[in-house]
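Undergrad: Enclosed is the structure file run28.cif (mmCIF, C-alpha atoms).
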data_query
loop_
_atom_site.group_PDB
_atom_site.id
_atom_site.type_symbol
_atom_site.label_atom_id
_atom_site.label_comp_id
_atom_site.auth_asym_id
_atom_site.auth_seq_id
_atom_site.Cartn_x
_atom_site.Cartn_y
_atom_site.Cartn_z
ATOM 1 C CA MET K 1 0.000 0.000 0.000
ATOM 2 C CA SER K 2 1.283 3.474 -0.782
ATOM 3 C CA ARG K 3 1.505 6.227 1.765
ATOM 4 C CA PRO K 4 0.002 9.640 0.956
ATOM 5 C CA GLU K 5 2.575 12.242 -0.046
ATOM 6 C CA GLU K 6 1.661 14.559 2.801
ATOM 7 C CA LEU K 7 3.046 12.058 5.315
ATOM 8 C CA GLN K 8 6.734 12.404 6.002
ATOM 9 C CA PRO K 9 9.081 9.428 6.298
ATOM 10 C CA ASP K 10 9.446 10.032 10.030
ATOM 11 C CA ASP K 11 5.736 9.668 10.714
ATOM 12 C CA VAL K 12 6.496 6.466 12.551
ATOM 13 C CA LEU K 13 3.485 6.615 14.796
ATOM 14 C CA LEU K 14 1.067 7.055 11.885
ATOM 15 C CA GLU K 15 2.710 4.196 10.029
ATOM 16 C CA GLU K 16 2.494 1.943 13.077
ATOM 17 C CA MET K 17 -1.157 2.891 13.602
ATOM 18 C CA SER K 18 -1.977 1.971 10.007
ATOM 19 C CA ARG K 19 -0.168 -1.370 10.343
ATOM 20 C CA ARG K 20 -1.652 -2.386 13.672
ATOM 21 C CA ARG K 21 -3.784 -5.531 13.551
ATOM 22 C CA VAL K 22 -5.484 -7.646 16.165
ATOM 23 C CA THR K 23 -3.498 -10.791 16.983
ATOM 24 C CA ARG K 24 -5.517 -13.825 18.069
ATOM 25 C CA GLN K 25 -2.955 -16.625 17.841
ATOM 26 C CA PHE K 26 0.266 -16.346 19.793
ATOM 27 C CA LEU K 27 3.610 -18.132 20.021
ATOM 28 C CA ASP K 28 4.392 -20.119 23.163
ATOM 29 C CA GLN K 29 7.015 -17.550 24.134
ATOM 30 C CA PRO K 30 7.066 -15.501 27.346
ATOM 31 C CA VAL K 31 6.804 -11.721 27.299
ATOM 32 C CA PRO K 32 9.600 -10.040 29.302
ATOM 33 C CA SER K 33 8.636 -8.046 32.376
ATOM 34 C CA ALA K 34 10.279 -4.930 30.917
ATOM 35 C CA ALA K 35 7.959 -5.081 27.897
ATOM 36 C CA ILE K 36 4.890 -5.485 30.090
ATOM 37 C CA THR K 37 6.026 -2.555 32.227
ATOM 38 C CA GLN K 38 6.399 -0.395 29.123
ATOM 39 C CA ILE K 39 2.919 -1.385 27.966
ATOM 40 C CA LEU K 40 1.512 -0.459 31.384
ATOM 41 C CA ARG K 41 3.271 2.912 31.143
ATOM 42 C CA ALA K 42 1.413 3.499 27.871
ATOM 43 C CA ALA K 43 -1.865 2.975 29.708
ATOM 44 C CA TYR K 44 -0.643 5.393 32.364
ATOM 45 C CA TRP K 45 -0.059 7.993 29.626
ATOM 46 C CA ALA K 46 -3.515 7.537 28.101
ATOM 47 C CA PRO K 47 -5.982 10.447 28.268
ATOM 48 C CA ARG K 48 -8.793 10.141 30.792
ATOM 49 C CA ALA K 49 -11.952 12.067 31.540
ATOM 50 C CA GLY K 50 -11.193 14.618 34.237
ATOM 51 C CA ASN K 51 -7.662 13.236 34.531
ATOM 52 C CA ARG K 52 -9.038 10.714 36.977
ATOM 53 C CA ARG K 53 -7.601 7.264 37.663
ATOM 54 C CA ILE K 54 -10.247 4.723 38.585
ATOM 55 C CA HIS K 55 -8.899 1.670 36.758
ATOM 56 C CA HIS K 56 -6.856 -1.206 38.099
ATOM 57 C CA PHE K 57 -4.519 -3.289 35.932
ATOM 58 C CA LEU K 58 -3.827 -6.950 36.710
ATOM 59 C CA VAL K 59 -1.005 -8.627 34.785
ATOM 60 C CA ILE K 60 -1.286 -12.401 34.414
ATOM 61 C CA ARG K 61 1.517 -14.451 32.892
ATOM 62 C CA ASP K 62 1.042 -17.777 34.671
ATOM 63 C CA ALA K 63 0.116 -20.272 31.950
ATOM 64 C CA ASP K 64 -2.152 -22.331 34.205
ATOM 65 C CA THR K 65 -4.063 -19.236 35.295
ATOM 66 C CA ILE K 66 -4.504 -18.119 31.686
ATOM 67 C CA ALA K 67 -5.635 -21.590 30.589
ATOM 68 C CA GLY K 68 -8.031 -21.764 33.539
ATOM 69 C CA LEU K 69 -9.509 -18.372 32.714
ATOM 70 C CA ARG K 70 -9.929 -19.076 28.994
ATOM 71 C CA PRO K 71 -13.246 -20.992 29.087
ATOM 72 C CA PHE K 72 -14.779 -18.162 31.107
ATOM 73 C CA ALA K 73 -13.678 -15.666 28.469
ATOM 74 C CA PRO K 74 -14.840 -16.814 25.024
ATOM 75 C CA GLY K 75 -13.173 -13.751 23.515
ATOM 76 C CA ILE K 76 -9.800 -15.372 24.209
ATOM 77 C CA LEU K 77 -9.441 -17.618 21.169
ATOM 78 C CA GLY K 78 -5.786 -18.586 21.467
ATOM 79 C CA LEU K 79 -3.314 -18.946 24.312
ATOM 80 C CA PRO K 80 -1.653 -15.567 24.875
ATOM 81 C CA ALA K 81 1.532 -15.380 26.929
ATOM 82 C CA ALA K 82 0.186 -12.534 29.028
ATOM 83 C CA LEU K 83 -3.058 -10.850 29.952
ATOM 84 C CA VAL K 84 -3.753 -7.409 31.333
ATOM 85 C CA VAL K 85 -7.167 -7.229 32.994
ATOM 86 C CA ILE K 86 -8.471 -3.658 33.171
ATOM 87 C CA SER K 87 -10.979 -3.290 35.977
ATOM 88 C CA THR K 88 -12.982 -0.464 37.447
ATOM 89 C CA ASP K 89 -11.913 0.067 41.038
ATOM 90 C CA LEU K 90 -15.145 1.083 42.723
ATOM 91 C CA ASP K 91 -13.289 2.336 45.799
ATOM 92 C CA LEU K 92 -11.115 4.640 43.692
ATOM 93 C CA ALA K 93 -14.203 5.797 41.804
ATOM 94 C CA ARG K 94 -15.934 6.685 45.066
ATOM 95 C CA GLU K 95 -12.846 8.507 46.368
ATOM 96 C CA GLN K 96 -12.786 10.565 43.144
ATOM 97 C CA ASN K 97 -16.501 11.427 43.335
ATOM 98 C CA VAL K 98 -17.381 9.435 40.215
ATOM 99 C CA GLN K 99 -21.097 8.564 40.010
ATOM 100 C CA ILE K 100 -20.318 5.101 38.737
ATOM 101 C CA SER K 101 -23.932 4.070 38.023
ATOM 102 C CA ARG K 102 -24.454 7.141 35.805
ATOM 103 C CA ASP K 103 -20.948 7.642 34.489
ATOM 104 C CA ARG K 104 -20.444 7.594 30.704
ATOM 105 C CA ASN K 105 -16.696 8.117 30.655
ATOM 106 C CA GLY K 106 -15.363 4.986 32.300
ATOM 107 C CA TRP K 107 -15.740 2.902 29.176
ATOM 108 C CA ILE K 108 -14.130 5.604 27.046
ATOM 109 C CA ASP K 109 -11.168 5.628 29.383
ATOM 110 C CA VAL K 110 -10.905 1.850 29.134
ATOM 111 C CA GLY K 111 -10.733 2.356 25.373
ATOM 112 C CA THR K 112 -7.997 4.980 25.464
ATOM 113 C CA GLU K 113 -5.950 2.817 27.833
ATOM 114 C CA MET K 114 -6.519 -0.229 25.649
ATOM 115 C CA LEU K 115 -5.406 1.451 22.432
ATOM 116 C CA SER K 116 -2.369 3.033 24.082
ATOM 117 C CA MET K 117 -1.315 -0.416 25.287
ATOM 118 C CA MET K 118 -1.969 -1.993 21.884
ATOM 119 C CA LEU K 119 0.200 0.588 20.141
ATOM 120 C CA ALA K 120 2.939 0.148 22.731
ATOM 121 C CA ALA K 121 2.778 -3.614 22.215
ATOM 122 C CA GLN K 122 3.089 -3.095 18.464
ATOM 123 C CA ALA K 123 6.092 -0.830 18.941
ATOM 124 C CA LEU K 124 7.730 -3.601 20.981
ATOM 125 C CA GLY K 125 7.101 -6.238 18.304
ATOM 126 C CA LEU K 126 4.247 -7.815 20.222
ATOM 127 C CA GLY K 127 0.714 -8.619 19.149
ATOM 128 C CA SER K 128 -2.391 -7.884 21.178
ATOM 129 C CA CYS K 129 -6.116 -8.437 21.165
ATOM 130 C CA PRO K 130 -8.782 -6.935 23.413
ATOM 131 C CA ALA K 131 -11.487 -9.212 24.782
ATOM 132 C CA THR K 132 -14.766 -8.033 26.236
ATOM 133 C CA SER K 133 -16.530 -11.329 25.545
ATOM 134 C CA PHE K 134 -16.324 -12.706 29.039
ATOM 135 C CA SER K 135 -18.567 -13.047 32.038
ATOM 136 C CA GLN K 136 -17.655 -10.224 34.390
ATOM 137 C CA ALA K 137 -19.066 -12.138 37.357
ATOM 138 C CA ALA K 138 -17.295 -15.376 36.484
ATOM 139 C CA VAL K 139 -13.938 -13.758 35.737
ATOM 140 C CA ALA K 140 -14.090 -11.806 38.988
ATOM 141 C CA LYS K 141 -14.695 -15.042 40.891
ATOM 142 C CA VAL K 142 -12.027 -17.048 39.081
ATOM 143 C CA LEU K 143 -9.439 -14.329 39.697
ATOM 144 C CA MET K 144 -10.621 -13.938 43.304
ATOM 145 C CA PHE K 145 -11.295 -10.226 42.925
ATOM 146 C CA PRO K 146 -12.527 -8.246 45.915
ATOM 147 C CA PRO K 147 -16.066 -6.838 45.487
ATOM 148 C CA SER K 148 -14.560 -3.432 44.724
ATOM 149 C CA LEU K 149 -13.044 -4.592 41.405
ATOM 150 C CA ARG K 150 -15.192 -4.977 38.277
ATOM 151 C CA PRO K 151 -13.357 -6.450 35.268
ATOM 152 C CA GLU K 152 -14.045 -4.448 32.099
ATOM 153 C CA LEU K 153 -11.593 -5.643 29.453
ATOM 154 C CA ILE K 154 -8.900 -8.271 29.036
ATOM 155 C CA LEU K 155 -5.977 -7.391 26.768
ATOM 156 C CA GLN K 156 -4.209 -10.434 25.366
ATOM 157 C CA ILE K 157 -0.513 -9.943 24.652
ATOM 158 C CA GLY K 158 2.139 -12.129 23.073
ATOM 159 C CA TYR K 159 4.355 -12.708 20.101
ATOM 160 C CA PRO K 160 2.209 -13.226 16.991
ATOM 161 C CA ALA K 161 2.081 -16.790 15.664
ATOM 162 C CA THR K 162 1.404 -15.493 12.176
ATOM 163 C CA GLU K 163 2.068 -12.283 10.309
ATOM 164 C CA PRO K 164 -0.969 -10.033 10.794
ATOM 165 C CA VAL K 165 -2.876 -9.473 7.577
ATOM 166 C CA ARG K 166 -5.150 -6.574 6.717
ATOM 167 C CA ARG K 167 -8.402 -8.080 5.493
ATOM 168 C CA GLY K 168 -11.651 -6.731 4.187
ATOM 169 C CA GLN K 169 -11.547 -3.215 5.614
ATOM 170 C CA GLY K 170 -10.649 -1.140 2.560
ATOM 171 C CA PRO K 171 -7.462 0.836 1.896
ATOM 172 C CA ALA K 172 -5.076 1.770 4.694
ATOM 173 C CA TYR K 173 -5.096 5.426 3.654
ATOM 174 C CA PRO K 174 -8.574 6.208 2.289
ATOM 175 C CA ALA K 175 -8.933 9.666 0.757
ATOM 176 C CA SER K 176 -12.045 10.098 2.875
ATOM 177 C CA PRO K 177 -12.594 7.652 5.752
ATOM 178 C CA PRO K 178 -16.092 6.107 5.623
ATOM 179 C CA HIS K 179 -19.003 7.327 7.736
ATOM 180 C CA THR K 180 -17.361 10.741 8.101
ATOM 181 C CA ASP K 181 -18.730 14.176 7.193
ATOM 182 C CA TRP K 182 -17.183 17.639 7.260
ATOM 183 C CA GLU K 183 -18.945 20.785 8.485
ATOM 184 C CA ARG K 184 -22.436 19.305 8.060
ATOM 185 C CA ILE K 185 -24.089 15.958 7.522
ATOM 186 C CA GLY K 186 -23.857 14.828 3.907
ATOM 187 C CA HIS K 187 -20.513 16.497 3.061
ATOM 188 C CA SER K 188 -17.932 13.751 3.040
ATOM 189 C CA GLY K 189 -14.812 15.853 2.494
ATOM 190 C CA PRO K 190 -13.282 19.284 3.081
ATOM 191 C CA ALA K 191 -14.527 21.992 0.693
ATOM 192 C CA ALA K 192 -11.287 23.922 0.965
ATOM 193 C CA GLU K 193 -8.139 23.890 3.040
ATOM 194 C CA HIS K 194 -9.412 26.871 5.047
ATOM 195 C CA PRO K 195 -13.221 26.807 5.139
ATOM 196 C CA GLY K 196 -14.667 30.309 5.042
ATOM 197 C CA HIS K 197 -11.444 31.795 3.661
ATOM 198 C CA ALA K 198 -11.343 30.181 0.251
ATOM 199 C CA MET X 199 -13.392 -44.224 29.480
ATOM 200 C CA GLN X 200 -10.111 -43.475 31.203
ATOM 201 C CA ASP X 201 -9.392 -39.992 32.372
ATOM 202 C CA GLU X 202 -5.912 -39.862 30.914
ATOM 203 C CA ALA X 203 -3.652 -36.858 30.915
ATOM 204 C CA VAL X 204 -3.440 -34.950 27.645
ATOM 205 C CA PRO X 205 -0.165 -33.080 27.124
ATOM 206 C CA GLY X 206 -0.736 -29.395 27.622
ATOM 207 C CA ALA X 207 -4.461 -29.778 28.096
ATOM 208 C CA GLY X 208 -4.979 -31.338 31.510
ATOM 209 C CA THR X 209 -7.141 -34.438 31.672
ATOM 210 C CA TRP X 210 -9.830 -35.500 29.226
ATOM 211 C CA THR X 211 -12.464 -34.668 31.823
ATOM 212 C CA GLU X 212 -10.975 -31.220 32.401
ATOM 213 C CA GLY X 213 -10.972 -30.570 28.679
ATOM 214 C CA VAL X 214 -14.636 -31.470 28.359
ATOM 215 C CA LEU X 215 -15.403 -29.418 31.468
ATOM 216 C CA ASP X 216 -13.720 -26.409 29.849
ATOM 217 C CA VAL X 217 -16.033 -26.782 26.853
ATOM 218 C CA LEU X 218 -19.037 -27.029 29.172
ATOM 219 C CA ILE X 219 -17.959 -23.835 30.948
ATOM 220 C CA TYR X 220 -17.400 -22.124 27.615
ATOM 221 C CA LEU X 221 -20.914 -23.023 26.433
ATOM 222 C CA VAL X 222 -22.598 -21.761 29.610
ATOM 223 C CA ILE X 223 -20.643 -18.500 29.548
ATOM 224 C CA ALA X 224 -21.248 -18.040 25.803
ATOM 225 C CA ALA X 225 -24.986 -18.579 26.268
ATOM 226 C CA ASP X 226 -24.989 -15.779 28.823
ATOM 227 C CA LEU X 227 -22.967 -13.495 26.526
ATOM 228 C CA CYS X 228 -25.359 -14.132 23.623
ATOM 229 C CA THR X 229 -27.958 -12.052 25.474
ATOM 230 C CA VAL X 230 -25.886 -8.902 24.949
ATOM 231 C CA GLU X 231 -23.564 -9.537 22.012
ATOM 232 C CA PRO X 232 -24.223 -9.107 18.254
ATOM 233 C CA LEU X 233 -26.603 -11.772 17.001
ATOM 234 C CA HIS X 234 -24.134 -13.426 14.639
ATOM 235 C CA TYR X 235 -21.714 -14.083 17.503
ATOM 236 C CA GLY X 236 -23.946 -16.982 18.586
ATOM 237 C CA THR X 237 -23.109 -18.913 15.439
ATOM 238 C CA PHE X 238 -19.443 -18.243 15.986
ATOM 239 C CA ARG X 239 -19.563 -19.394 19.623
ATOM 240 C CA LEU X 240 -21.248 -22.642 18.660
ATOM 241 C CA VAL X 241 -18.714 -23.572 16.025
ATOM 242 C CA ASP X 242 -15.820 -22.416 18.229
ATOM 243 C CA ALA X 243 -17.140 -24.680 20.997
ATOM 244 C CA ALA X 244 -17.388 -27.532 18.496
ATOM 245 C CA GLY X 245 -13.765 -26.918 17.539
ATOM 246 C CA ARG X 246 -12.695 -26.946 21.185
ATOM 247 C CA LEU X 247 -14.579 -30.202 21.807
ATOM 248 C CA ALA X 248 -13.091 -31.770 18.675
ATOM 249 C CA GLY X 249 -9.685 -30.705 19.973
ATOM 250 C CA VAL X 250 -10.246 -32.401 23.323
ATOM 251 C CA LEU X 251 -11.388 -35.582 21.577
ATOM 252 C CA ALA X 252 -8.497 -35.546 19.109
ATOM 253 C CA ASP X 253 -5.802 -34.773 21.681
ATOM 254 C CA SER X 254 -7.044 -37.404 24.123
ATOM 255 C CA GLY X 255 -6.879 -40.192 21.572
ATOM 256 C CA VAL X 256 -10.413 -41.348 22.333
ATOM 257 C CA SER X 257 -11.358 -40.673 18.713
ATOM 258 C CA ASP X 258 -8.377 -42.273 16.990
ATOM 259 C CA ASP X 259 -10.786 -44.416 14.981
ATOM 260 C CA ARG X 260 -12.528 -41.283 13.744
ATOM 261 C CA PRO X 261 -9.839 -39.231 11.997
ATOM 262 C CA TRP X 262 -12.468 -36.823 10.694
ATOM 263 C CA ILE X 263 -12.686 -35.324 14.191
ATOM 264 C CA ARG X 264 -9.106 -34.112 13.888
ATOM 265 C CA GLN X 265 -9.935 -32.840 10.400
ATOM 266 C CA LEU X 266 -12.948 -30.987 11.777
ATOM 267 C CA ARG X 267 -10.842 -29.420 14.531
ATOM 268 C CA ASP X 268 -8.269 -28.219 12.005
ATOM 269 C CA GLN X 269 -10.921 -26.903 9.629
ATOM 270 C CA ILE X 270 -12.650 -24.940 12.375
ATOM 271 C CA SER X 271 -9.348 -23.581 13.645
ATOM 272 C CA ALA X 272 -8.378 -22.439 10.159
ATOM 273 C CA ASP X 273 -11.696 -20.919 9.076
ATOM 274 C CA LYS X 274 -13.641 -19.721 12.117
ATOM 275 C CA GLU X 275 -12.182 -16.202 11.978
ATOM 276 C CA LEU X 276 -13.719 -15.717 8.525
ATOM 277 C CA ILE X 277 -16.661 -14.279 10.441
ATOM 278 C CA MET X 278 -14.548 -11.196 11.139
ATOM 279 C CA HIS X 279 -13.943 -10.226 7.517
ATOM 280 C CA ASP X 280 -15.851 -12.478 5.096
ATOM 281 C CA PRO X 281 -19.311 -13.477 6.373
ATOM 282 C CA PRO X 282 -20.373 -15.274 3.132
ATOM 283 C CA ALA X 283 -17.212 -17.416 3.271
ATOM 284 C CA PHE X 284 -17.911 -18.082 6.960
ATOM 285 C CA GLU X 285 -21.368 -19.380 6.053
ATOM 286 C CA ARG X 286 -19.906 -21.608 3.337
ATOM 287 C CA PHE X 287 -17.460 -22.980 5.908
ATOM 288 C CA LEU X 288 -20.350 -23.755 8.288
ATOM 289 C CA HIS X 289 -22.231 -25.558 5.522
ATOM 290 C CA ALA X 290 -19.098 -27.532 4.618
ATOM 291 C CA SER X 291 -18.513 -28.470 8.267
ATOM 292 C CA ALA X 292 -22.082 -29.718 8.623
ATOM 293 C CA ALA X 293 -21.704 -31.793 5.460
ATOM 294 C CA LEU X 294 -18.373 -33.190 6.672
ATOM 295 C CA VAL X 295 -19.855 -34.315 9.974
ATOM 296 C CA ALA X 296 -22.910 -35.865 8.285
ATOM 297 C CA ASP X 297 -20.824 -37.732 5.708
ATOM 298 C CA ARG X 298 -18.390 -39.107 8.241
ATOM 299 C CA VAL X 299 -20.992 -40.125 10.813
ATOM 300 C CA ILE X 300 -23.038 -41.932 8.159
ATOM 301 C CA ALA X 301 -19.894 -43.721 7.011
ATOM 302 C CA ASP X 302 -18.949 -44.627 10.598
ATOM 303 C CA ARG X 303 -22.419 -46.008 11.310
ATOM 304 C CA ALA X 304 -22.423 -48.061 8.125
ATOM 305 C CA LYS X 305 -19.013 -49.457 9.020
ATOM 306 C CA ARG X 306 -20.090 -50.387 12.537
ATOM 307 C CA SER X 307 -23.331 -52.037 11.421
ATOM 308 C CA ALA X 308 -21.613 -54.147 8.786
ATOM 309 C CA PRO X 309 -21.619 -57.906 9.596
ATOM 310 C CA THR X 310 -18.438 -59.195 11.240
ATOM 311 C CA GLY X 311 -15.917 -60.399 8.683
ATOM 312 C CA GLU X 312 -17.344 -58.324 5.911
ATOM 313 C CA THR X 313 -14.918 -55.889 4.327
#
Written as structure tokens, that's how I'd like the structure from this file.

TA:
Amino acid sequence: MSRPEELQPDDVLLEEMSRRRVTRQFLDQPVPSAAITQILRAAYWAPRAGNRRIHHFLVIRDADTIAGLRPFAPGILGLPAALVVISTDLDLAREQNVQISRDRNGWIDVGTEMLSMMLAAQALGLGSCPATSFSQAAVAKVLMFPPSLRPELILQIGYPATEPVRRGQGPAYPASPPHTDWERIGHSGPAAEHPGHA
Amino acid sequence: MQDEAVPGAGTWTEGVLDVLIYLVIAADLCTVEPLHYGTFRLVDAAGRLAGVLADSGVSDDRPWIRQLRDQISADKELIMHDPPAFERFLHASAALVADRVIADRAKRSAPTGET
């Protein structure tokens, strides 16, 4: 695939973002602690609503624990070398005055943390795959969570078993990304470089 | 049936129990997930069960079970990017199972000594 001319050769982050793919099958190869720590730092850097921190991150690398958790989490298709379970910490939420039953931002923050970790994993040569297809109640029991922790997302991490392939989602650099309008509904692209000054 | 250890997969009973757990959890998830996920969960569970049977050796006289496991493993993710191909794979899997089971039953009902 060709890169648009307006992108410079040092646009490493954009290139990595365009190449990122979900990895579902992993090699039986451990992920070093330093790599996991770097991935957790990426979550730490992620933007959050109100700059709050109400999420807890549990790293699991024990193969027996991962295998035991797998049937409770149908979204885990393969056997990843590591998992990071992102959970809402209800105690932290209360301390930070978050109205957890009405809050709309917690899930968004899970998403920003997830994508930051996935990009960090990619930068480190690792594959990753988010899983939300799991029973929150069952996973909390299996992992012996206290009542204050509610699992929201499980990020699978490991070395990819196969080269990720882009499939069925159109070009990497579409001239106009789908389902996108500019200025008003029905206008799918910019009218001019400086609207109102053309 | 002996509950023999399967390398990397615990015992036969534990493998089947994992599939049972998977099915119960997936049934619960089907109440909130996209409708087409149900089809995927069913065939993924079938692949997991075929894997337990194949790895345990209890189905050595039914090599099609290993074939089914491999076919499901190779094609189940078609649902993510090629739904028509995923449906063709489901149809092919159903035909494979029917063909092989009919053949197995015919073989087992044949009179002793008959080839």

Undergrad: Identify which of the residues X:Asp302, X:Asp259, X:Asp242, X:Asp253 lies closest to X:Leu288, counting all atoms listed in the file when measuring atom-to-atom distances.

TA: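 Residue with the minimum atom-to-atom distance to X:Leu288: X:Asp242.
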
Undergrad: Quick one: residues within 8 Å of stretch 52-66 of chain K, all atoms listed in the file, excluding same-chain residues fewer than 5 positions away - as an MDAnalysis selection string?

TA: chainID K and resid 30 79:90 92:93 96 110 149

Undergrad: In Å to one decimal, how far is atom CA of X:Arg246 from atom CA of X:Arg286?

TA: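 Separation of atom CA of X:Arg286 and atom CA of X:Arg246: 20.0 Å.
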
Undergrad: Which is closest to X:Glu275 among X:Val241, X:Leu251, X:Ile219, X:Leu227, if we use all atoms listed in the file?

TA: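 The closest residue to X:Glu275 is X:Val241.
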
Undergrad: Got a sec to pull out which chain K residues are within 9 Å of chain X, counting all atoms listed in the file, and send them as an NGL selection string?

TA: :K and (67-68 or 70-74 or 77 or 133-135 or 138 or 167-169)

Undergrad: Which is closer to K:Glu152 than all the others in K:Ala49, K:Leu126, K:Met114, K:Ala192, using all atoms listed in the file?

TA: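 Residue with the minimum atom-to-atom distance to K:Glu152: K:Met114.
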
Undergrad: Quick check, in Å to one decimal: how far apart do atom CA of K:Glu163 and atom CA of K:Leu40 lie?

TA: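 Between atom CA of K:Glu163 and atom CA of K:Leu40 the gap works out to 24.2 Å.
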
Undergrad: Once 4 Å is added on each side, what centre and edge lengths in Å to one decimal does the axis-aligned box around all listed atoms of stretch 255-271 of chain X have, as JSON?

TA:
{"center_x": -9.9, "center_y": -34.0, "center_z": 16.0, "size_x": 14.1, "size_y": 28.8, "size_z": 20.7}

Undergrad: Please report the interatomic distance between atom CA of X:Ser257 and atom CA of X:Arg298 in Å with one decimal.

TA: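 Atom CA of X:Arg298 lies at a distance of 12.7 Å from atom CA of X:Ser257.
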
Undergrad: Quick one: everything within 12 Å of X:Asp268, counting only C-alpha atoms, minus sequence neighbours fewer than 6 positions away in the same chain. Send it as a CSV table (one decimal) with C-alpha atoms, keeping the file's coordinate frame.

TA:
chain,number,residue,atom,x,y,z
X,242,ASP,CA,-15.8,-22.4,18.2
X,244,ALA,CA,-17.4,-27.5,18.5
X,245,GLY,CA,-13.8,-26.9,17.5
X,246,ARG,CA,-12.7,-26.9,21.2
X,247,LEU,CA,-14.6,-30.2,21.8
X,248,ALA,CA,-13.1,-31.8,18.7
X,249,GLY,CA,-9.7,-30.7,20.0
X,252,ALA,CA,-8.5,-35.5,19.1
X,253,ASP,CA,-5.8,-34.8,21.7
X,261,PRO,CA,-9.8,-39.2,12.0
X,262,TRP,CA,-12.5,-36.8,10.7
X,274,LYS,CA,-13.6,-19.7,12.1
X,291,SER,CA,-18.5,-28.5,8.3

Undergrad: Set the distance at 12 Å and use all atoms listed in the file: which residues neighbour K:Pro32 once local chain neighbours fewer than 3 positions away are removed? I'd like the list as a PDB file with C-alpha atoms, keeping the file's coordinate frame.

TA:
ATOM      1  CA  GLN K  29       7.015 -17.550  24.134  1.00  0.00           C
ATOM      2  CA  ALA K  35       7.959  -5.081  27.897  1.00  0.00           C
ATOM      3  CA  ILE K  36       4.890  -5.485  30.090  1.00  0.00           C
ATOM      4  CA  THR K  37       6.026  -2.555  32.227  1.00  0.00           C
ATOM      5  CA  GLN K  38       6.399  -0.395  29.123  1.00  0.00           C
ATOM      6  CA  ILE K  39       2.919  -1.385  27.966  1.00  0.00           C
ATOM      7  CA  ARG K  61       1.517 -14.451  32.892  1.00  0.00           C
ATOM      8  CA  ALA K  81       1.532 -15.380  26.929  1.00  0.00           C
ATOM      9  CA  ALA K  82       0.186 -12.534  29.028  1.00  0.00           C
ATOM     10  CA  ALA K 121       2.778  -3.614  22.215  1.00  0.00           C
ATOM     11  CA  LEU K 124       7.730  -3.601  20.981  1.00  0.00           C
ATOM     12  CA  GLY K 125       7.101  -6.238  18.304  1.00  0.00           C
ATOM     13  CA  LEU K 126       4.247  -7.815  20.222  1.00  0.00           C
ATOM     14  CA  ILE K 157      -0.513  -9.943  24.652  1.00  0.00           C
ATOM     15  CA  GLY K 158       2.139 -12.129  23.073  1.00  0.00           C
ATOM     16  CA  TYR K 159       4.355 -12.708  20.101  1.00  0.00           C
TER      17      TYR K 159
END

Undergrad: Applying 12 Å and only C-alpha atoms, which residues near K:Arg20 remain after dropping the ones on its own chain fewer than 5 positions away? List them as a count of residues only.

TA: 24
